[in-house]
Amino acid sequence: MRKGLLIDFTRCIGCGACMRGCREANGLPQPGPDVPRPDELDGDNYTVVLQHEDEEKGGLFYRRLCMHCEDATCVSVCAVHALRKRPDGAVMYDAGRCFGCRYCMTACPFHIPKYTWDTNVPVVSKCILCWPRLDKGQEPACAATCPTGATRFGAREVLLKVARERVHAQPERYVNHIFGEKEAGGTDVLMISPVPFEKLGFQTEVPTRPLPELTWMVQEKIPYVIVTGGFFLWGLRWIINRRIELAHGETGAGGSQEVSR
Amino acid sequence: MSAEGGVKRYLTPGWLIVWIILIGGAVITFRRFAIGLGATTNLSDGAPWGLWIGFDVFSGVALAAGGFTMAFLVHLAGEKSLKPLVRPAILTALIGYVLVIFGLLYDLGKPWNIWHAMFWINHHSVMFEVAWCVMLYTTVLFLEFIPVVFERFRASRALKVMRVVAVPLYILGVILSTLHQSSLGSMMLIVPTKLHPLWYTPILPLLFFLSALTVGIAMVMTEAFISSKLLRRGLEFDLLMRLGRYLAVLNLFYLVVKFQDLVRRGAWEYVFEGSRESIYFIVEMLLFILPLFILFNHRLRRRRGFLFTSSLMVVLGLILNRVNVSFSGLLGSTSTRYFPDIQEIWISVFLVTLAGLVFGLAARYLPIFTHEEEEGEPEPEPARGVGPRTARSEGSA
C-alpha cells in the first residue's frame, strides 16, 4: 500500500526537529549549534524547514523535501534503475548503482535531487522516506520526531482524506489546494498551507499528468522506426542502384565494376 | 628528413599552443578525478548540467553526424560523385564518437560505473536508448572505417568480407543515428516546466534530427576547408559547392519546420522579450539564417571564403542550440547563474585538439584522401598501389 506524509504548514513551529532526526536516521553530518540553517536542500540535507513572512497571514514555517511521486520522473529517467519506486511509496536511491549522470536532477519538476559536488565519489542526495525504517516497521524520522504533528505519516488515502477534511472545515485557515494531490500525476507527500504554494516557491505549474508519459510517447515507437527504416533504406538503395547499373549497362563496358564499388 | 628536422617540426608557434593545451589538459584531468567535479567545474545543484554535456556530448554527437549523412548520400542514395568525402566523414564521426564517450567520463560523477548501463536496463529512460545507440553506432563506425586500415596493409581477404557487410552496415548506421540524434532531443521532453518555451516543444526529437542532418553536411565542409589548410592538401572545391546545395536545402527545411512550430505554439512573443534567453535564441537563429544568403546565391557560393563561412556559421549555430537546449535554457527555472569554469572550457578545447591530432595522424598514415592519389599526385613508395582500385582488383581476382 502506498504510504506517505501529510505536512500541515499551519501546525509547524519551525523547531527543526525533523531536520535533526532526518540527518541522524540517514547518517548525514550534523552541523554545530552555531551553524545557520540552510535555506535550500543540499547534499547534506534531505529536508529543510524554511520561514516565510506573509503580508496577510503573518510568519509561517514550511518544509521542503522529495514529493515521492507515484509515477516519478527521476525513476523514469534513470538509465540504470538507481532510483526506484517501492510498493510502500518511497522513491529510493541506490548509490552503488548510480553512475552520476545527473539526469534525475535535470528532470525533476520539483528541483529536489541535489549532489555532493565536493568529493570525487559523489552521490545524489534526496529524501528516501526513511525506507530502511519503514522496513523495520518504524515511521520516517521526520514524522517520528515532529512534536506538533505537522508532519504525519500514514497511508496516502487516509492522509488525503484528513487533508480534505481540514481544508474544508477551516477554509479561512487554509488555501483550497492540497499540493501533491494532482501535481505530476499525484505524489505520496501531501502538503496543506495557509498561503498559496507558489508564494513559497513550490512548482504549482507542474502538469497534472505524469511527466514520464512525455518521453514514453516517443520512446515506445523505436521498434517501428527500426523495422520501417531498415526496410525503407534497403528498398531505396535497391531501386537507385539498379538504375545506376542499367544506365552503365547502356553506355557500355566497365559499368558493372563501377556499381560493385 | 633528419631527426633534428623532425623535432623542429613540433616546435613551431602552432605546435607550442598544442603542447600547452595538452599539458594543461593533463593537469586538469588529474584534478578532475583526484578532487572532483566541484573543484573543476562551476556546476551546482541549480545547474547540474553544463558545458561538458552541452558541448562535449550534445554538440559532439551532432557534429559527428557527417558520418551517417555522407554514408547515406553516397552509399544508399547513389550520390557517387561525393564519394571522396565519405572516408574523411566516417573518420571524423568515429573520432567524434570515441571522444564523446571519453568526454562523458569527465562529466559523470562516477565514470567507473558507466558499464552499469549495459546490465541494468530501464527501457523507459531515453538515456538508456542514447547510451545503447552510441555504443552500437561507435562499433558500426569502427567497422565502416576498418576497410581503410585493411587497404593500407593490403589485407585483401578481410576487405572482401567487409565489402559483403558494407551495405547492411550503412543501413544499420543510418537507423542508429536517426534514433539517437533524435533521442537527444527526446531527453529534454521531460522538462516542460523547466526548459524555456523558445526551445521546449513536443517536436524536439524531429528538430534535433533535422539539425543533425544539416550540421552533418556543414561539418564535412568545415572540416575539408580546415584540413586542407592544416594538412596542406588539395581542396575538392567542386564537391564542396555541390554539398553546399544540400546544406542550403536541409538548412532551409530545418528552419521552416522550426518557425512553423514557433508560430503554432505561440512562442513568437518570447523572441523579442529582451531576456538572456531571447538574445541567445536570436543569435542561434541568425547563425542558421545568414548562411542561406550565401548558399542560395550562385556567385557567393563559388567563393571559398564565403562557402567556408556559411558552413562554419551552421556549426556554431548548432553548438549554441545544443547549449541552449541542454543547460542554458534551463537555468531560468531556478534563477541559477552558470558560466563554465576555465577548466571546463580547457577540457573541451583539449578534447577537440585530441580529435584534430588523431585525424591528422590517420590522414598521414592511412588512405583517407584516396582520390588525391588516384589523380596521380606523387606519393612516397610504401603507400603506392594501396589505393582502393588496386586493392579491390586484387580482391576480386
# chains A, B, ... in the order shown; residues from 1 in each chain; ligands from 1
>>> closest_atom_pairs(of="chain B", to="chain A", cutoff="8 Å", atoms="only C-alpha atoms", output="CSV")
residue,atom,partner,partner_atom,distance
B:Arg32,CA,A:Asn120,CA,8.0
B:Phe33,CA,A:Asn120,CA,6.4
B:Ala34,CA,A:Asn120,CA,6.4
B:Ile35,CA,A:Asn120,CA,5.4
B:Gly36,CA,A:Asn120,CA,4.0
B:Leu37,CA,A:Trp117,CA,5.9
B:Gly38,CA,A:Trp117,CA,4.7
B:Ala39,CA,A:Asp118,CA,6.9
B:Ser44,CA,A:Trp117,CA,7.4
B:Asp45,CA,A:Lys114,CA,5.4
B:Gly46,CA,A:His111,CA,8.0
B:Pro48,CA,A:Arg102,CA,6.4
B:Trp49,CA,A:Thr106,CA,7.3
B:His75,CA,A:Arg237,CA,7.8
B:Leu76,CA,A:Arg237,CA,4.7
B:Ala77,CA,A:Arg237,CA,6.0
B:Gly78,CA,A:Ile240,CA,6.2
B:Asp107,CA,A:Cys101,CA,7.4
B:Leu108,CA,A:Gly100,CA,5.0
B:Gly109,CA,A:Gly100,CA,4.1
B:Lys110,CA,A:Phe99,CA,4.6
B:Pro111,CA,A:Phe99,CA,6.0
B:Trp112,CA,A:Phe99,CA,7.4
B:Asn113,CA,A:Phe99,CA,5.0
B:Ile114,CA,A:Phe99,CA,5.8
B:His116,CA,A:Val80,CA,6.5
B:Ala117,CA,A:Val80,CA,5.6
B:Phe119,CA,A:Val80,CA,7.9
B:Trp120,CA,A:Val80,CA,4.9
B:Ile121,CA,A:Val80,CA,5.5
B:Asn122,CA,A:Ala79,CA,5.1
B:His123,CA,A:Ala79,CA,7.5
B:His124,CA,A:Ser76,CA,5.8
B:Ser125,CA,A:Val77,CA,4.4
B:Val126,CA,A:Val77,CA,6.7
B:Met127,CA,A:Ala79,CA,5.6
B:Phe128,CA,A:Ala79,CA,4.9
B:Ile171,CA,A:Leu233,CA,6.3
B:Leu172,CA,A:Gly230,CA,7.3
B:Ile175,CA,A:Ile226,CA,6.3
B:Leu179,CA,A:Ile222,CA,7.4
B:Ser186,CA,A:Thr215,CA,6.2
B:Met187,CA,A:Thr215,CA,7.2
B:Met188,CA,A:Ala107,CA,7.9
B:Leu189,CA,A:Thr215,CA,5.9
B:Ile190,CA,A:Leu211,CA,5.9
B:Val191,CA,A:Ala107,CA,5.7
B:Thr193,CA,A:Val206,CA,6.4
B:Lys194,CA,A:Pro109,CA,7.2
>>> write_last_selection(atoms="C-alpha atoms", output="PDB file, in the first residue's frame")
ATOM      1  CA  ARG B  32      39.042  16.388 -12.019  1.00  0.00           C
ATOM      2  CA  PHE B  33      39.470  12.769 -10.946  1.00  0.00           C
ATOM      3  CA  ALA B  34      41.528  13.385  -7.810  1.00  0.00           C
ATOM      4  CA  ILE B  35      39.423  16.167  -6.270  1.00  0.00           C
ATOM      5  CA  GLY B  36      36.093  16.024  -8.073  1.00  0.00           C
ATOM      6  CA  LEU B  37      33.574  17.976 -10.105  1.00  0.00           C
ATOM      7  CA  GLY B  38      33.204  20.730  -7.509  1.00  0.00           C
ATOM      8  CA  ALA B  39      36.858  21.763  -7.810  1.00  0.00           C
ATOM      9  CA  SER B  44      25.876  23.375  -8.881  1.00  0.00           C
ATOM     10  CA  ASP B  45      22.574  21.951  -7.674  1.00  0.00           C
ATOM     11  CA  GLY B  46      20.796  24.574  -9.792  1.00  0.00           C
ATOM     12  CA  PRO B  48      23.651  20.111 -12.757  1.00  0.00           C
ATOM     13  CA  TRP B  49      24.484  20.069 -16.454  1.00  0.00           C
ATOM     14  CA  HIS B  75      26.238   4.543 -50.486  1.00  0.00           C
ATOM     15  CA  LEU B  76      22.463   4.367 -50.164  1.00  0.00           C
ATOM     16  CA  ALA B  77      21.114   7.294 -52.214  1.00  0.00           C
ATOM     17  CA  GLY B  78      23.592   6.835 -55.078  1.00  0.00           C
ATOM     18  CA  ASP B 107      31.266  14.691 -16.651  1.00  0.00           C
ATOM     19  CA  LEU B 108      29.918  11.545 -14.991  1.00  0.00           C
ATOM     20  CA  GLY B 109      30.160  11.670 -11.223  1.00  0.00           C
ATOM     21  CA  LYS B 110      31.154   8.005 -11.073  1.00  0.00           C
ATOM     22  CA  PRO B 111      32.548   7.172 -14.516  1.00  0.00           C
ATOM     23  CA  TRP B 112      33.866   3.819 -13.281  1.00  0.00           C
ATOM     24  CA  ASN B 113      30.227   2.696 -13.086  1.00  0.00           C
ATOM     25  CA  ILE B 114      29.485   3.503 -16.737  1.00  0.00           C
ATOM     26  CA  HIS B 116      26.173  -0.451 -15.394  1.00  0.00           C
ATOM     27  CA  ALA B 117      24.234   0.901 -18.379  1.00  0.00           C
ATOM     28  CA  PHE B 119      23.425  -4.622 -17.307  1.00  0.00           C
ATOM     29  CA  TRP B 120      20.670  -2.714 -15.506  1.00  0.00           C
ATOM     30  CA  ILE B 121      18.335  -1.561 -18.202  1.00  0.00           C
ATOM     31  CA  ASN B 122      15.474   0.867 -17.760  1.00  0.00           C
ATOM     32  CA  HIS B 123      13.863   0.888 -21.185  1.00  0.00           C
ATOM     33  CA  HIS B 124      11.703   3.853 -20.119  1.00  0.00           C
ATOM     34  CA  SER B 125      14.771   6.057 -19.883  1.00  0.00           C
ATOM     35  CA  VAL B 126      15.762   7.986 -23.002  1.00  0.00           C
ATOM     36  CA  MET B 127      19.263   7.930 -21.565  1.00  0.00           C
ATOM     37  CA  PHE B 128      19.290   4.137 -21.962  1.00  0.00           C
ATOM     38  CA  ILE B 171      21.770   0.873 -43.241  1.00  0.00           C
ATOM     39  CA  LEU B 172      22.299  -0.016 -39.585  1.00  0.00           C
ATOM     40  CA  ILE B 175      18.993   3.793 -38.369  1.00  0.00           C
ATOM     41  CA  LEU B 179      17.367   7.082 -33.356  1.00  0.00           C
ATOM     42  CA  SER B 186      13.580  13.456 -26.601  1.00  0.00           C
ATOM     43  CA  MET B 187      15.699  13.583 -23.440  1.00  0.00           C
ATOM     44  CA  MET B 188      14.509  17.125 -22.876  1.00  0.00           C
ATOM     45  CA  LEU B 189      10.823  16.350 -23.493  1.00  0.00           C
ATOM     46  CA  ILE B 190      10.612  15.525 -19.796  1.00  0.00           C
ATOM     47  CA  VAL B 191      11.276  19.114 -18.650  1.00  0.00           C
ATOM     48  CA  THR B 193       8.202  23.379 -16.964  1.00  0.00           C
ATOM     49  CA  LYS B 194      11.968  23.941 -16.829  1.00  0.00           C
TER      50      LYS B 194
END
>>> select_by_dssp(residues="stretch 49-123 of chain A", states="alpha helix (DSSP H)", output="ChimeraX atom specification")
/A:73-77,103-107
>>> select_by_dssp(residues="stretch 119-210 of chain A", states="strand (DSSP E)", output="VMD selection string")
chain A and resid 124 to 125 151 to 155 189 to 192
>>> atom_distance(atom1="atom CA of B:Ala355", atom2="atom CA of B:Leu243")
23.3 Å
>>> atom_distance(atom1="atom CA of A:Arg166", atom2="atom CA of A:Arg37")
29.9 Å
>>> residues_around(residues="A:Gly16", least_positions_apart="5", cutoff="10 Å", atoms="only C-alpha atoms", output="tab-separated table (two decimals) with C-alpha atoms, in the first residue's frame")
chain	number	residue	atom	x	y	z
A	21	GLY	CA	16.04	13.47	13.07
A	22	CYS	CA	16.47	13.11	9.32
A	37	ARG	CA	20.07	26.60	8.93
A	47	THR	CA	14.80	18.24	4.11
A	48	VAL	CA	14.82	21.85	5.27
A	49	VAL	CA	12.44	23.94	7.36
A	50	LEU	CA	12.01	27.39	5.89
A	61	PHE	CA	7.15	27.77	8.62
A	63	ARG	CA	9.18	22.18	4.77
A	142	CYS	CA	10.77	13.42	10.45
A	145	THR	CA	10.31	13.48	15.75
A	146	CYS	CA	7.71	16.12	14.90
>>> residues_around(residues="stretch 51-67 of chain B", least_positions_apart="5", cutoff="7 Å", atoms="only C-alpha atoms", output="ChimeraX atom specification")
/B:89-90,92-93,96-97,100,103-104,107,181,212-213,215-217,219-220,319,322-323,326-327,340,344,348
